[in-house]
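K.L.:
Can you read through this structure? Questions will come right after.
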Amino acid sequence: MIQKVLKVQNVGRLRRLGWGKGVPPAGKEVAVYAENGSGKSTFVATLRAARDGDAGPVLERRSLPEVGPPTIELLTSKGRVDFVGGAWTDSLPTIEVFDRTFVTKNVYDGREVGPDQREGLYRLALGEAEVAAALAVNDAKAKKKAADDECKAVRARIDQRCSEIGTTWEALSKVTPLSAPPTELPELETRLAALAARPDVSGLPLVAALPQMPAIKVDGLQALLNETVETVSAEAMAAVQSHIATHLDSQGESWLRQGVGYVGEDQGCPYCGQNLVGSPFAALFPVYFGEAYRHLQERIARALGRVAPWDEWATALARTQASNQRARSAWSQLTSLPEPPDAVPIAAAATAIATLLRELMLDKQAHLLDALGGDHRVGRIEAEVETLRGALDAYQAWVDEASEEANRVRADHPGELARLRARVRDIRAALLAGTPTMNAEVAKLNEASQAAEQRKTEVDRAQQFLDAREASRTTAFVDHVNDALAAFGAGFRIQDLKGKASATRVVADFRIALADAGRLLHHATVAASVSKGNAPRFDTVLSEGDRTTLALAVFFAKCTTSPSADRIAVLDDPFTSLDTGRRATTIQHLNALTRSCAQVWVLSHDEFFLRDALPSRSTTWLTLTDDNGTLGFSTWDPQAACKTTYARTLSRLEDFLARKPGALQAEDAWQKVRPVLEAYLRFRFPKAWQHNEWLGDFIKKGRDGNPTVPLSPLEIDQIATWSGWANPAMHGDPHDANPTPSESEVRAVVQAVVNFVQS
């Protein structure tokens, strides 16, 4: 406990602050009243500096102009803690301070929750040990990354050397090192180079078999040539043929054959209409063009049609033979395919057969009654076919032999190349493994791998410790913050609080979740960190009062989740920007602090708040008084001060209305309207007020007809109007658009309020 503030000199406004004579030591609950600008915030800053043993906050608040070094003397239940000679003699680590610095360091700064605030919040939520654990995890991860990077760098160098000889580290690690190359290596490398220079056999063409010879039956040919039409007499044939030769062209026979088919019962010529009865030629036409004749003509025509495939086959033969010759040339770089048989006899025989067949069929067509089966050309065809079959068999034997050789080379070439490459690669790998440079790299890799594995173990161990602590502590902290927000009646909660570590700090990420009647709206959340663009963000979702409420909830959660019997809680104006209900809730939490802490200090410029905040009879009531330039802690009567403050404030408003020199400005007068109105109503109707009730509660009682508020509905409405008009001056966000009313408007309202309280 802090028993006395013996001295604070040359620190900001506190040039000479001491403990007044006759003032008893501070007790468990301490209420300090001081006007704004009197130095109470500077005093709170010195207590924070004493907690941290930090000289900086004291030295940077040196009084100007300087008349001496900063000096602080605190008397605690455990002895003296002084600041002298630019340093603290000891520290007070159990102090917890709530003030503007706490808010900007741990919750928000102006409009945003930046990295500094999120770092402070994480420390509050988890404590220094867990922050150290999180940093240890991050440090272990950084060291593991460095070890992994070293492994990768060494491995990359090894892989590069391995790739240069066509092997891998895995293969290299399995070979037996060689200190000198074997004598066979030069020969193997020469063979490999020669083999690798050969073309890719998979793309080389194979020789192909010749197309199949068209079907031919010599005995069938001979039978067709011997066939005739015995029913046609030689004289009829000669007479008709003479008639055709004399009177018709080359198509005459065909024309006559077609006309005979159209002779009807009237025996009229189908072309000229002449009666054919008695015509010697007409009688011969049916015989000449009878069924047997037509059948023979058709068979000879079909036989002529079978000559064309022989022409096509001769062309295909030439094409296939040329292609095979090109394939043989392509394979010549890898092997020597056998010389193919002479292609001339095959082509000549095919051409001769086609020519002989065509001649025979045309002759037969011209002499249907002649038997040509004994023609010498039939024998020539038979001889050519036999010659051709022998040549084809010989050529096919060559195709089989050449294909076998090509397939053998195609199968053996890749395998031989692969085996030779593998042998050369293994020798080179063994030579590489035996070099001092590679031995040194392998040693580095093993060392780096062991270090990386060790770092991984350290990371896992540190992470397990942190996870076990972080999950439970953040959950408890968030629960207590949200419990406090619920007690304050706030329309939001926090969620998803978790740590995010960097190289030098750990920050807290969390989200603001709006609530409706205590129920979280999970679809309506915003990140606590700065939002980009026009998205809703921390300062647009929460009002100034909401942000102050969140800061108080965080402070109370810190004190609750990290209880300490030696804690000294110090709060500087904790109700700023809070409405009536939240001021009452703040008082409830302060009362809870007095039960869990060794000592609670509350400093405020609002005597009414102080009077109600620490109502215990054991409270030490103090104020800062100026005695001939010496500022000191002296005893204070809250009841009398509240009355005196009312009278003083009312007098200042009257001076404002009278436009006296040094009177309040319009904005200051605007801020005084509600305090003087509330103080008047407290004095006039004391039974209508509980210690934790404010003007809003009074107005509600009046509208509900509570007998402790004997005012007319018109008067209650007027009080509510004045209160609503003055609210922005008491609780407004300095960043919000709440312009000060015009001076004429302020004067009108102030006059009405003064008239009301003086009536």
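Chain lettering (A, B, ...) mirrors the order of the structure tokens, residue numbering begins at 1 for each chain separately, and ligand numbering begins at 1 in order of display.
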According to DSSP computed on the backbone, where in region 7-154 of chain A is there alpha helix (DSSP H)? Give the residues as an NGL selection string.

P.N.:
:A and (40-52 or 56-59 or 100-106 or 115-126 or 128-154)

K.L.:
Residues of the last selection are to be written out with C-alpha atoms, as a compact mmCIF listing (two decimals), in the first residue's frame.

P.N.:
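Full text of result.txt as output:
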```txt
# COMPACT_ATOMS: atom_id res chain seq x y z
CA LYS A 40 -3.57 14.69 -10.90
CA SER A 41 -2.77 13.06 -14.25
CA THR A 42 0.90 13.91 -13.71
CA PHE A 43 0.72 12.31 -10.27
CA VAL A 44 -0.81 9.14 -11.79
CA ALA A 45 1.99 9.07 -14.38
CA THR A 46 4.60 9.13 -11.58
CA LEU A 47 2.92 6.10 -9.98
CA ARG A 48 3.10 4.22 -13.28
CA ALA A 49 6.77 5.13 -13.58
CA ALA A 50 7.30 3.84 -10.03
CA ARG A 51 5.62 0.57 -10.98
CA ASP A 52 7.97 0.06 -13.92
CA GLY A 56 11.77 8.23 -18.61
CA PRO A 57 8.21 9.34 -17.77
CA VAL A 58 9.54 11.41 -14.85
CA LEU A 59 12.41 13.03 -16.70
CA ARG A 100 -5.55 7.85 -20.80
CA THR A 101 -2.10 6.26 -21.15
CA PHE A 102 -3.54 2.83 -20.28
CA VAL A 103 -6.22 3.29 -22.95
CA THR A 104 -3.85 4.46 -25.69
CA LYS A 105 -1.28 1.80 -24.85
CA ASN A 106 -3.57 -1.21 -24.49
CA PRO A 115 -0.16 -2.63 -33.48
CA ASP A 116 0.99 -0.94 -30.26
CA GLN A 117 -2.45 -1.21 -28.68
CA ARG A 118 -2.84 -4.81 -29.82
CA GLU A 119 0.55 -5.66 -28.34
CA GLY A 120 -0.44 -4.11 -25.03
CA LEU A 121 -3.76 -5.93 -25.04
CA TYR A 122 -2.03 -9.25 -25.59
CA ARG A 123 0.22 -8.58 -22.58
CA LEU A 124 -2.81 -7.74 -20.47
CA ALA A 125 -4.72 -10.81 -21.59
CA LEU A 126 -1.93 -13.34 -21.09
CA GLU A 128 4.38 -11.35 -19.21
CA ALA A 129 5.20 -15.06 -18.87
CA GLU A 130 2.93 -15.96 -21.78
CA VAL A 131 4.21 -13.07 -23.88
CA ALA A 132 7.72 -14.32 -23.23
CA ALA A 133 6.57 -17.80 -24.25
CA ALA A 134 5.05 -16.45 -27.48
CA LEU A 135 8.25 -14.59 -28.26
CA ALA A 136 10.19 -17.74 -27.43
CA VAL A 137 8.06 -19.64 -29.95
CA ASN A 138 8.71 -16.99 -32.54
CA ASP A 139 12.42 -16.97 -31.76
CA ALA A 140 12.52 -20.76 -32.00
CA LYS A 141 10.73 -20.57 -35.35
CA ALA A 142 13.20 -17.99 -36.59
CA LYS A 143 16.12 -20.17 -35.55
CA LYS A 144 14.48 -23.20 -37.15
CA LYS A 145 13.98 -21.22 -40.35
CA ALA A 146 17.64 -20.23 -40.31
CA ALA A 147 18.63 -23.87 -39.84
CA ASP A 148 16.23 -24.95 -42.60
CA ASP A 149 17.61 -22.26 -44.90
CA GLU A 150 21.14 -23.47 -44.22
CA CYS A 151 20.05 -27.03 -45.05
CA LYS A 152 18.45 -25.84 -48.27
CA ALA A 153 21.52 -23.82 -49.24
CA VAL A 154 23.91 -26.73 -48.68
```

K.L.:
Could you work out how far CA of Leu64 (chain A) lies from CA of Pro574 (chain A), giving the answer in Å with one decimal?

P.N.:
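That distance, rounded to one decimal, is 28.7 Å.
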
K.L.:
Could you name the residues that touch region 739-748 of chain A at 9 Å or less, counting only C-alpha atoms, but leaving out those on the same chain fewer than 6 positions away, as a list in words?

P.N.:
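The filter keeps Phe656, Leu657, Gln665, Ala666, Glu667, Ala669, Trp670, Pro728 and Ala729 of chain A.
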
K.L.:
For region 559-561 of chain A, please output as a list in words all residues within 10 Å (counting only C-alpha atoms; exclusion window: fewer than 3 positions along the same chain).

P.N.:
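Surrounding residues, per the criterion: Glu96, Leu124, Ala125, Leu126, Gly127, Arg473, Thr474, Ala476, Phe477, Val478, Asp479, His480, Val481, Ala553, Val554, Phe555, Phe556, Ser564, Arg567, Ala569, Ala592, Leu593, Ser596 and Cys597 of chain A.
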